[in-house]
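Chemist: I am attaching a structure below and will ask some questions about it afterwards.
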Amino acid sequence: MFNKILIANRGEIACRIIRSANKLGVRTVALYSDADRHAAHVAMADEAFYLGGSAPADSYLKGDVIIGIAKQCGAKAIHPGYGFLSENAAFAAACEQAGIVFIGPKAHAIEAMGSKSAAKIIMGNAGVPLVPGYHGDEQSDEVLLSEAEKIGFPLLIKAAFGGGGKGMRIVRQMAEVKSAIHSARREAASSFGNDKLLLERYLEQPRHVEVQVFADTHGNTIYLSDRDCSIQRRHQKVVEEAPAPGLGDALRRRMGEAAVAAARAIDYVGAGTVEFLLDTQATAEDGSFFFMEMNTRLQVEHPVTELVTGTDLVHWQLLVAAGEPLPQTQEQVSIAGHAFEARIYAEDPDNDFLPASGRLNFLREPKPSAHVRIDSGVREGDEISNFYDPMIAKLIVWDVSRPRALQRLQRALEEYQLTGLKHNIGFLGKIAAHPAFTKADFSTDFIERYQGQLLSQVKNSALPLPLLAQAALYEMLWRKRESIRQQATSIDPTSPWGSANGFRLNGAKRHDIALMDDEHQVHHLQLTERANAEGWQLTLNGQTLVLDGKLSCDEAGGDTLCSVVQGHVSTQFVSRQDGDFTLFGHSGELRACHFRALQHELEEEQGNYADQLKAPMNGTIVTHLVAVGDNVQAGQGLMVMEAMKMEYTIAAPFDGTVSEFFFHPGELVSDGVQLLELIQATEA
């Protein structure tokens, strides 16, 4: 076994590798960019080396520099994780030439699977089922049109060297084929520098099922559990599970054996994944499945396989890379229970999944146990950078059956609490609770098919009165606590001006509270202490509620509100950043509710719009849509900025006049900086 390995990656997967290496007594070396100088993986490793700038091209993609660091620090092997250089054949070959073990397959295996069309030919020769199609080198219009007619419709035209949906066209009749070929060629050439195309029969509503394979240098190749990865957005996986539900034993065995044949066809070594499309129109036992591609690395979703097979795949990777045989034979592999993985992303599902960046102001993860696992590379207070993938963490759960594991997932998502940026936790909760998902009735278009239910938000509608009561109660108790703290440090602690007891001359003690929700609706709430009784009374919209509660603060700085509303006792966890606070603990659509406490009328009328004129993330100014001095209306676009390869329009929050732009096109801006000044129009 190696005494020291270098990890050529960052974030969650780097932390994951470090944990397994530590269990084996293997020392670890981390790498970091400018953006990752204070990252969790740097703190966890035994030592770390600086790579360069924040952009991947300036840091984690600098293969020659990484190999040089490995030599310098005495690391005998490099683990590439996933992404970056993990499927780079040239890097794997360079490691071998430098006398450093690449913890992964040999360069020739990576290269063999790098071209979709070449991979299909290899798999076809190995007897792995393929979707009917054409993967040849002859690319003239005449040949492609002829092959399209033979294959039939619907037809999928896609780039041979592509990915992520680029250079891909779905055609449903012969008359559309020629123009689709030309369009796909142009996009393939632009995106990948190669316009070669392949043609395949397009499967309507297939499932994405993949098989984990493992091979050693002693001629042993086995398959572990299969996984279903059909829940995707933008061709990227969001929720995965193992084993794939609904597969009969015979079909599961056939897919596993086909995956092993695929690995052996390219003399594979290490951990790999063979991805298949499963025809949902066929029965579970005799279903048709077709080779899609092989990922020559560890997959993001590998933890679900670990939980149902009781293995540590990173441990296995290190053993195989060190020349040892696989710890198990095919006969010894067993599957127990069911596991789910949900990817926690910094993104806005209701804005076309726009990636988000910013600081994690508050982070409370579900408590790890035999049933719940968190693979994360961030901590509270860390920045989610716009330079890298916006995944925050992976939430993995296990139980003895799919229904019980799904219940674990739903509960854990409710317990996952974070603030500071947009995230997809609520969206994941809706997927986990959707009737079709609970019945395992899904295909790769699941999110698209049910987006109206999954992406719907509680907007432009009245918030429940009990929720507003809890928010008002929290704000009042927080003010009272702050008042006590201030009095304790005051020169005159007996002064009535420092009190927040709600005293009114000749009247009941009253607390006036104004809260603004995420829809910028202001709620004026009045809590009145009950005469001759404990608690307070809240009257709003003709309804009266009696409430009471206590507020406590934990060691990490979060608040816990124990509230009693009309006799209903509940507990809410609260995170607060200045005047903004978020209540957690509500079910369904209102799992987490954000409010801003307004201190006086001027803040209510003007200050509550300030954040809308700030940069929502780190990025670059693209253009101004208006000029200084222009009169604009609420909702009108003012300027466009770009972040994470997507454009974001800054709109006017009210009618007014543009006074000044603080940044010009081409300039970089940081998350939260004021972008422009807009003077609010006054009523005539």
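To be explicit about the labels: the chains of the structure tokens are called A, B, and onward in the order shown, and within each one the residues are counted from 1, while ligands get numbers from 1 in the order they are shown.
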Could the residues of range 55-131 of chain A that have an atom at most 12 Å from range 208-229 of chain A be listed as a Markdown table, each with its closest atom pair and the distance in Å to one decimal, counting only C-alpha atoms and ordered by chain and ascending residue number?
Modeler:
```
| residue | atom | partner | partner_atom | distance |
| --- | --- | --- | --- | --- |
| A:Ile103 | CA | A:Asp216 | CA | 11.6 |
| A:Gly104 | CA | A:Ala215 | CA | 10.3 |
| A:Pro105 | CA | A:Ala215 | CA | 9.3 |
| A:Lys106 | CA | A:Thr217 | CA | 10.8 |
```
Chemist: Export, as a PDB file, in the first residue's frame, the selected residues with C-alpha atoms.
Modeler:
```
ATOM      1  CA  ILE A 103      -5.391   5.592  -9.424  1.00  0.00           C
ATOM      2  CA  GLY A 104      -7.683   4.683 -12.276  1.00  0.00           C
ATOM      3  CA  PRO A 105      -7.607   2.799 -15.576  1.00  0.00           C
ATOM      4  CA  LYS A 106      -4.733   2.771 -18.023  1.00  0.00           C
TER       5      LYS A 106
END
```
Chemist: Would you kindly return, as a list in words, each protein, DNA or RNA residue with an atom no farther than 7 Å from any atom of range 64-80 of chain A, considering only C-alpha atoms and excluding same-chain residues fewer than 2 positions away?
Modeler: Phe2, Lys4, Ile5, Leu6, Ile7, Ala8, Asn9, Lys62, Tyr82, Leu85, Ser86, Cys95, Ile100, Val101, Phe102 and Ile103 of chain A
Chemist: Env of range 179-189 of chain A: 10 Å cut, atoms = only C-alpha atoms, seq-sep filter 3 positions within chain, self excluded. Answer as a VMD selection string.
Modeler: chain A and resid 141 144 to 145 156 to 163 166 to 171 175 to 176 192 to 199
Chemist: Excluding Thr419 in chain A and residues on its chain fewer than 5 positions from it, collect all residues at most 8 Å away from it, counting only C-alpha atoms, and give them as a PyMOL selection string.
Modeler: chain A and resi 360-363+575+582
Chemist: Tell me, which residues of range 386-423 of chain A carry DSSP alpha helix (DSSP H), written as JSON, numbers by chain?
Modeler: {"A": [402, 403, 404, 405, 406, 407, 408, 409, 410, 411, 412, 413, 414, 415]}
Chemist: Could you write out the selected residues, including C-alpha atoms, as an mmCIF file, in the first residue's frame?
Modeler:
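Below is the file out08.cif, written as the result:
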```
data_model
loop_
_atom_site.group_PDB
_atom_site.id
_atom_site.type_symbol
_atom_site.label_atom_id
_atom_site.label_comp_id
_atom_site.auth_asym_id
_atom_site.auth_seq_id
_atom_site.Cartn_x
_atom_site.Cartn_y
_atom_site.Cartn_z
ATOM 1 C CA ARG A 402 -37.203 1.396 -0.797
ATOM 2 C CA PRO A 403 -40.261 2.834 1.011
ATOM 3 C CA ARG A 404 -38.375 3.083 4.293
ATOM 4 C CA ALA A 405 -35.290 4.561 2.622
ATOM 5 C CA LEU A 406 -37.498 7.100 0.842
ATOM 6 C CA GLN A 407 -39.007 8.106 4.174
ATOM 7 C CA ARG A 408 -35.474 8.606 5.498
ATOM 8 C CA LEU A 409 -34.696 10.814 2.500
ATOM 9 C CA GLN A 410 -37.797 12.946 2.988
ATOM 10 C CA ARG A 411 -37.056 13.472 6.676
ATOM 11 C CA ALA A 412 -33.365 14.217 6.117
ATOM 12 C CA LEU A 413 -34.216 16.831 3.476
ATOM 13 C CA GLU A 414 -36.541 18.501 5.981
ATOM 14 C CA GLU A 415 -33.670 18.594 8.479
#
```
Chemist: As a ChimeraX atom specification, please: every residue in range 518-661 of chain A that a backbone DSSP assignment puts in strand (DSSP E or B).
Modeler: /A:522-529,536-540,543-553,559-565,568-577,580-584,592-598,614,619-624,631-632,637-643,646-651,656-661
Chemist: For the selection just defined, write its residues with C-alpha atoms to a file, as a short mmCIF file (atom, residue, chain, number, x, y, z; two decimals), in the first residue's frame.
Modeler:
```cif
data_model
loop_
_atom_site.label_atom_id
_atom_site.label_comp_id
_atom_site.auth_asym_id
_atom_site.auth_seq_id
_atom_site.Cartn_x
_atom_site.Cartn_y
_atom_site.Cartn_z
CA VAL A 522 -44.99 43.84 4.22
CA HIS A 523 -46.94 42.40 7.15
CA HIS A 524 -47.78 44.79 10.00
CA LEU A 525 -48.28 42.65 13.09
CA GLN A 526 -49.24 43.69 16.59
CA LEU A 527 -48.72 41.47 19.62
CA THR A 528 -50.60 42.47 22.77
CA GLU A 529 -49.86 40.96 26.16
CA TRP A 536 -49.77 37.34 23.75
CA GLN A 537 -52.65 37.92 21.41
CA LEU A 538 -52.33 38.56 17.67
CA THR A 539 -55.22 39.85 15.59
CA LEU A 540 -54.96 39.99 11.80
CA GLN A 543 -58.65 36.34 13.11
CA THR A 544 -57.27 36.29 16.65
CA LEU A 545 -54.57 33.90 17.82
CA VAL A 546 -53.24 33.27 21.30
CA LEU A 547 -49.54 32.49 21.39
CA ASP A 548 -46.62 32.00 23.73
CA GLY A 549 -43.05 30.84 23.36
CA LYS A 550 -39.43 30.70 24.44
CA LEU A 551 -36.24 31.47 22.53
CA SER A 552 -32.87 29.81 23.11
CA CYS A 553 -29.51 30.03 21.37
CA ASP A 559 -31.76 30.09 17.53
CA THR A 560 -34.46 27.62 18.57
CA LEU A 561 -38.01 28.90 18.96
CA CYS A 562 -40.44 26.80 20.96
CA SER A 563 -43.84 28.26 20.08
CA VAL A 564 -47.38 27.60 21.25
CA VAL A 565 -49.99 28.88 18.78
CA HIS A 568 -50.26 23.77 19.16
CA VAL A 569 -46.70 23.27 20.39
CA SER A 570 -43.93 23.17 17.78
CA THR A 571 -40.21 23.86 17.45
CA GLN A 572 -38.60 25.97 14.76
CA PHE A 573 -34.88 26.46 14.16
CA VAL A 574 -33.99 29.97 13.09
CA SER A 575 -30.95 31.46 11.39
CA ARG A 576 -30.44 35.23 11.52
CA GLN A 577 -28.16 37.58 9.59
CA ASP A 580 -32.97 38.87 7.96
CA PHE A 581 -34.08 35.59 9.46
CA THR A 582 -35.26 32.21 8.21
CA LEU A 583 -37.64 29.89 10.06
CA PHE A 584 -37.09 26.17 9.47
CA ALA A 592 -38.18 27.25 5.19
CA CYS A 593 -39.53 30.82 5.26
CA HIS A 594 -37.40 33.93 5.03
CA PHE A 595 -38.37 37.32 6.46
CA ARG A 596 -36.79 40.73 6.84
CA ALA A 597 -37.57 42.70 9.98
CA LEU A 598 -38.31 46.36 9.21
CA LYS A 614 -26.83 44.26 -5.80
CA GLY A 619 -19.63 37.62 -12.26
CA THR A 620 -18.98 40.00 -15.12
CA ILE A 621 -21.05 42.94 -16.34
CA VAL A 622 -22.22 42.23 -19.89
CA THR A 623 -24.15 45.38 -20.85
CA HIS A 624 -26.26 48.29 -19.64
CA ASN A 631 -36.75 57.05 -16.26
CA VAL A 632 -37.59 53.39 -15.76
CA GLY A 637 -34.25 45.47 -17.15
CA LEU A 638 -31.39 47.80 -16.15
CA MET A 639 -28.24 45.79 -16.81
CA VAL A 640 -27.08 42.26 -17.62
CA MET A 641 -24.34 40.35 -15.83
CA GLU A 642 -22.87 36.92 -16.57
CA ALA A 643 -21.93 34.28 -14.03
CA MET A 646 -25.33 32.18 -17.71
CA GLU A 647 -26.77 35.69 -18.03
CA TYR A 648 -28.75 37.38 -15.27
CA THR A 649 -30.79 40.56 -15.72
CA ILE A 650 -30.92 43.15 -12.94
CA ALA A 651 -34.43 44.65 -13.00
CA GLY A 656 -37.49 55.71 -10.74
CA THR A 657 -34.55 57.42 -12.44
CA VAL A 658 -31.14 55.87 -13.05
CA SER A 659 -28.66 58.07 -11.18
CA GLU A 660 -25.35 56.19 -11.61
CA PHE A 661 -23.82 52.89 -12.74
#
```
Chemist: When you look at range 31-42 of chain A with a cut-off of 9 Å (counting only C-alpha atoms), what residues show up, excluding the ones that are within fewer than 2 positions of it in the same chain? I need them as a VMD selection string.
Modeler: chain A and resid 6 to 16 18 29 44 to 56 58 to 60 66 376 to 379 382 to 383 385 387
Chemist: Can I get the selected residues back with N, CA and C atoms, as a short mmCIF file (atom, residue, chain, number, x, y, z; two decimals), in the first residue's frame?
Modeler:
```cif
data_model
loop_
_atom_site.label_atom_id
_atom_site.label_comp_id
_atom_site.auth_asym_id
_atom_site.auth_seq_id
_atom_site.Cartn_x
_atom_site.Cartn_y
_atom_site.Cartn_z
N LEU A 6 -1.37 11.83 -3.61
CA LEU A 6 -1.78 13.20 -3.91
C LEU A 6 -3.17 13.17 -4.52
N ILE A 7 -4.03 14.08 -4.12
CA ILE A 7 -5.40 14.13 -4.61
C ILE A 7 -5.52 15.31 -5.57
N ALA A 8 -5.69 15.00 -6.85
CA ALA A 8 -5.76 16.04 -7.88
C ALA A 8 -7.19 16.49 -8.08
N ASN A 9 -7.79 16.98 -7.00
CA ASN A 9 -9.18 17.42 -7.05
C ASN A 9 -9.46 18.31 -5.85
N ARG A 10 -10.71 18.62 -5.64
CA ARG A 10 -11.08 19.58 -4.62
C ARG A 10 -12.43 19.18 -4.02
N GLY A 11 -12.89 19.98 -3.05
CA GLY A 11 -14.26 19.88 -2.55
C GLY A 11 -14.63 18.53 -1.99
N GLU A 12 -15.89 18.17 -2.23
CA GLU A 12 -16.48 16.96 -1.63
C GLU A 12 -15.70 15.70 -1.92
N ILE A 13 -15.31 15.47 -3.18
CA ILE A 13 -14.65 14.21 -3.52
C ILE A 13 -13.24 14.15 -2.91
N ALA A 14 -12.57 15.29 -2.80
CA ALA A 14 -11.26 15.29 -2.16
C ALA A 14 -11.39 14.90 -0.68
N CYS A 15 -12.39 15.46 -0.01
CA CYS A 15 -12.64 15.11 1.40
C CYS A 15 -12.99 13.64 1.52
N ARG A 16 -13.78 13.15 0.59
CA ARG A 16 -14.21 11.74 0.59
C ARG A 16 -12.98 10.81 0.49
N ILE A 18 -9.86 11.55 1.23
CA ILE A 18 -9.02 11.71 2.43
C ILE A 18 -9.54 10.82 3.56
N VAL A 29 -2.08 14.39 0.34
CA VAL A 29 -1.61 15.71 -0.08
C VAL A 29 -2.72 16.36 -0.88
N MET A 44 -8.22 19.25 5.88
CA MET A 44 -8.27 17.84 6.23
C MET A 44 -7.00 17.08 5.87
N ALA A 45 -6.33 17.49 4.80
CA ALA A 45 -5.17 16.75 4.32
C ALA A 45 -3.96 16.94 5.24
N ASP A 46 -3.00 16.04 5.11
CA ASP A 46 -1.78 16.14 5.92
C ASP A 46 -0.92 17.30 5.47
N GLU A 47 -0.97 17.62 4.19
CA GLU A 47 -0.25 18.78 3.66
C GLU A 47 -0.94 19.23 2.38
N ALA A 48 -0.67 20.44 1.95
CA ALA A 48 -1.33 20.98 0.76
C ALA A 48 -0.37 21.89 0.01
N PHE A 49 -0.58 21.95 -1.33
CA PHE A 49 0.28 22.77 -2.19
C PHE A 49 -0.59 23.69 -3.05
N TYR A 50 -0.09 24.88 -3.24
CA TYR A 50 -0.78 25.89 -4.05
C TYR A 50 -0.57 25.60 -5.53
N LEU A 51 -1.68 25.69 -6.31
CA LEU A 51 -1.63 25.42 -7.74
C LEU A 51 -1.60 26.68 -8.60
N GLY A 52 -2.46 27.66 -8.25
CA GLY A 52 -2.55 28.85 -9.09
C GLY A 52 -3.91 29.52 -8.97
N GLY A 53 -4.31 30.22 -10.02
CA GLY A 53 -5.54 30.99 -10.02
C GLY A 53 -6.79 30.14 -9.84
N SER A 54 -7.92 30.82 -9.64
CA SER A 54 -9.16 30.13 -9.33
C SER A 54 -9.72 29.34 -10.50
N ALA A 55 -9.56 29.83 -11.72
CA ALA A 55 -10.10 29.13 -12.89
C ALA A 55 -9.44 27.76 -13.02
N PRO A 56 -10.20 26.72 -13.38
CA PRO A 56 -9.63 25.37 -13.51
C PRO A 56 -8.40 25.31 -14.42
N ASP A 58 -6.18 27.39 -14.70
CA ASP A 58 -5.03 27.95 -13.99
C ASP A 58 -4.64 27.13 -12.77
N SER A 59 -5.35 26.05 -12.53
CA SER A 59 -5.09 25.28 -11.31
C SER A 59 -5.29 23.78 -11.52
N TYR A 60 -6.50 23.30 -11.36
CA TYR A 60 -6.75 21.86 -11.30
C TYR A 60 -6.60 21.14 -12.64
N ILE A 66 0.89 19.44 -11.47
CA ILE A 66 0.43 18.48 -10.47
C ILE A 66 1.40 17.31 -10.34
N SER A 376 -19.63 15.94 2.01
CA SER A 376 -19.58 17.38 1.78
C SER A 376 -18.15 17.88 1.81
N GLY A 377 -17.94 19.03 1.17
CA GLY A 377 -16.62 19.65 1.19
C GLY A 377 -16.69 21.09 1.65
N VAL A 378 -17.80 21.46 2.31
CA VAL A 378 -17.97 22.85 2.75
C VAL A 378 -18.38 22.87 4.22
N ARG A 379 -18.18 24.04 4.81
CA ARG A 379 -18.56 24.28 6.20
C ARG A 379 -19.31 25.60 6.27
N ASP A 382 -18.26 29.12 4.59
CA ASP A 382 -17.50 28.95 3.35
C ASP A 382 -18.20 29.64 2.18
N GLU A 383 -17.40 29.94 1.15
CA GLU A 383 -17.93 30.54 -0.07
C GLU A 383 -18.15 29.45 -1.11
N SER A 385 -18.03 29.12 -4.81
CA SER A 385 -17.43 29.92 -5.88
C SER A 385 -18.15 29.70 -7.20
N PHE A 387 -16.50 29.51 -9.87
CA PHE A 387 -15.49 28.91 -10.75
C PHE A 387 -15.69 27.41 -10.93
#
```
Chemist: Work out how far apart CA of Gly429 in chain A and CA of Gln232 in chain A are and give it in Å to one decimal.
Modeler: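 Interatomic distance here is 14.7 Å.
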Chemist: For a test of reading the model, state the distance in Å between CA of Gly248 in chain A and CA of Ala265 in chain A, rounded to one decimal.
Modeler: 25.9 Å
Chemist: May I ask which of the residues A:Ala393, A:Val269, A:Leu477, A:Val131 is the closest one to Pro325 in chain A, counting only C-alpha atoms?
Modeler: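 Comparing A:Ala393, A:Val269, A:Leu477, A:Val131 against Pro325 in chain A, the winner is A:Val269.
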Chemist: For a test of reading the model, state the distance in Å between CA of Leu298 in chain A and CA of Gly337 in chain A, rounded to one decimal.
Modeler: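 Taking CA of Leu298 in chain A as the start and CA of Gly337 in chain A as the end point, the length is 22.0 Å.
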Chemist: With distances taken over only C-alpha atoms, which residue among A:Glu306, A:Asp279, A:Glu380, A:Glu555 lies nearest Glu204 in chain A?
Modeler: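 So, comparing all the options, the nearest one is A:Asp279.
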Chemist: Which residues come within 9 Å of range 354-356 of chain A, counting only C-alpha atoms, excluding same-chain residues fewer than 2 positions away, as a list in words?
Modeler: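 Answer for this query is Tyr345, Ala346, Glu347, Asp348, Pro349, Asp350, Asn351, Asp352, Gly358, Ile384, Ser385, Asn386, Asp389, Pro390, Leu421, Lys422, His423, Pro616, Met617, Asn618, Ala643, Met644, Met646, Glu647 and Tyr648 of chain A.
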Chemist: Could you write those residues out with C-alpha atoms, as a PDB file, in the first residue's frame?
Modeler:
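What follows is the written file out.pdb:
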```
ATOM      1  CA  TYR A 345     -26.834  22.280  -5.332  1.00  0.00           C
ATOM      2  CA  ALA A 346     -26.367  26.032  -5.038  1.00  0.00           C
ATOM      3  CA  GLU A 347     -28.886  26.936  -7.732  1.00  0.00           C
ATOM      4  CA  ASP A 348     -32.330  28.432  -8.283  1.00  0.00           C
ATOM      5  CA  PRO A 349     -34.743  25.749  -9.564  1.00  0.00           C
ATOM      6  CA  ASP A 350     -37.403  28.388 -10.226  1.00  0.00           C
ATOM      7  CA  ASN A 351     -35.078  30.383 -12.456  1.00  0.00           C
ATOM      8  CA  ASP A 352     -34.109  27.641 -14.914  1.00  0.00           C
ATOM      9  CA  GLY A 358     -22.087  33.234  -2.180  1.00  0.00           C
ATOM     10  CA  ILE A 384     -19.538  28.686  -2.967  1.00  0.00           C
ATOM     11  CA  SER A 385     -17.434  29.919  -5.879  1.00  0.00           C
ATOM     12  CA  ASN A 386     -18.685  30.544  -9.412  1.00  0.00           C
ATOM     13  CA  ASP A 389     -19.523  23.003 -10.032  1.00  0.00           C
ATOM     14  CA  PRO A 390     -22.169  24.421  -7.655  1.00  0.00           C
ATOM     15  CA  LEU A 421     -27.727  31.602  -1.250  1.00  0.00           C
ATOM     16  CA  LYS A 422     -30.305  29.895  -3.429  1.00  0.00           C
ATOM     17  CA  HIS A 423     -30.430  26.109  -3.200  1.00  0.00           C
ATOM     18  CA  PRO A 616     -26.606  38.197  -6.912  1.00  0.00           C
ATOM     19  CA  MET A 617     -23.266  36.384  -7.376  1.00  0.00           C
ATOM     20  CA  ASN A 618     -19.688  36.892  -8.535  1.00  0.00           C
ATOM     21  CA  ALA A 643     -21.926  34.281 -14.028  1.00  0.00           C
ATOM     22  CA  MET A 644     -21.254  30.556 -14.410  1.00  0.00           C
ATOM     23  CA  MET A 646     -25.334  32.183 -17.715  1.00  0.00           C
ATOM     24  CA  GLU A 647     -26.772  35.687 -18.028  1.00  0.00           C
ATOM     25  CA  TYR A 648     -28.751  37.380 -15.272  1.00  0.00           C
TER      26      TYR A 648
END
```
Chemist: Can you list, as JSON, numbers by chain, every protein, DNA or RNA residue that comes within 8 Å of Ala652 in chain A when you count only C-alpha atoms, leaving out same-chain residues fewer than 3 positions away?
Modeler: {"A": [612, 613, 632, 633, 634, 635, 636, 637, 638, 655]}
Chemist: Let me see the file: selected residues, N, CA and C atoms, as a JSON list (two decimals), in the first residue's frame.
Modeler:
```json
[["chain", "number", "residue", "atom", "x", "y", "z"],
["A", 612, "GLN", "N", -32.03, 44.14, -4.34],
["A", 612, "GLN", "CA", -32.35, 43.88, -5.73],
["A", 612, "GLN", "C", -31.45, 44.63, -6.70],
["A", 613, "LEU", "N", -30.69, 45.59, -6.19],
["A", 613, "LEU", "CA", -29.76, 46.35, -7.03],
["A", 613, "LEU", "C", -28.31, 45.94, -6.75],
["A", 632, "VAL", "N", -37.27, 54.79, -15.55],
["A", 632, "VAL", "CA", -37.59, 53.39, -15.76],
["A", 632, "VAL", "C", -38.79, 53.00, -14.91],
["A", 633, "GLN", "N", -39.41, 51.88, -15.29],
["A", 633, "GLN", "CA", -40.56, 51.37, -14.56],
["A", 633, "GLN", "C", -40.17, 50.11, -13.80],
["A", 634, "ALA", "N", -40.91, 49.82, -12.75],
["A", 634, "ALA", "CA", -40.66, 48.61, -11.97],
["A", 634, "ALA", "C", -40.70, 47.38, -12.86],
["A", 635, "GLY", "N", -39.68, 46.52, -12.73],
["A", 635, "GLY", "CA", -39.60, 45.31, -13.53],
["A", 635, "GLY", "C", -38.80, 45.46, -14.81],
["A", 636, "GLN", "N", -38.45, 46.71, -15.20],
["A", 636, "GLN", "CA", -37.70, 46.95, -16.43],
["A", 636, "GLN", "C", -36.24, 46.54, -16.23],
["A", 637, "GLY", "N", -35.64, 45.87, -17.23],
["A", 637, "GLY", "CA", -34.25, 45.47, -17.15],
["A", 637, "GLY", "C", -33.32, 46.67, -17.15],
["A", 638, "LEU", "N", -32.32, 46.68, -16.28],
["A", 638, "LEU", "CA", -31.39, 47.80, -16.15],
["A", 638, "LEU", "C", -29.99, 47.44, -16.67],
["A", 655, "ASP", "N", -40.45, 52.17, -9.77],
["A", 655, "ASP", "CA", -40.35, 53.25, -10.75],
["A", 655, "ASP", "C", -39.31, 54.26, -10.27]]
```
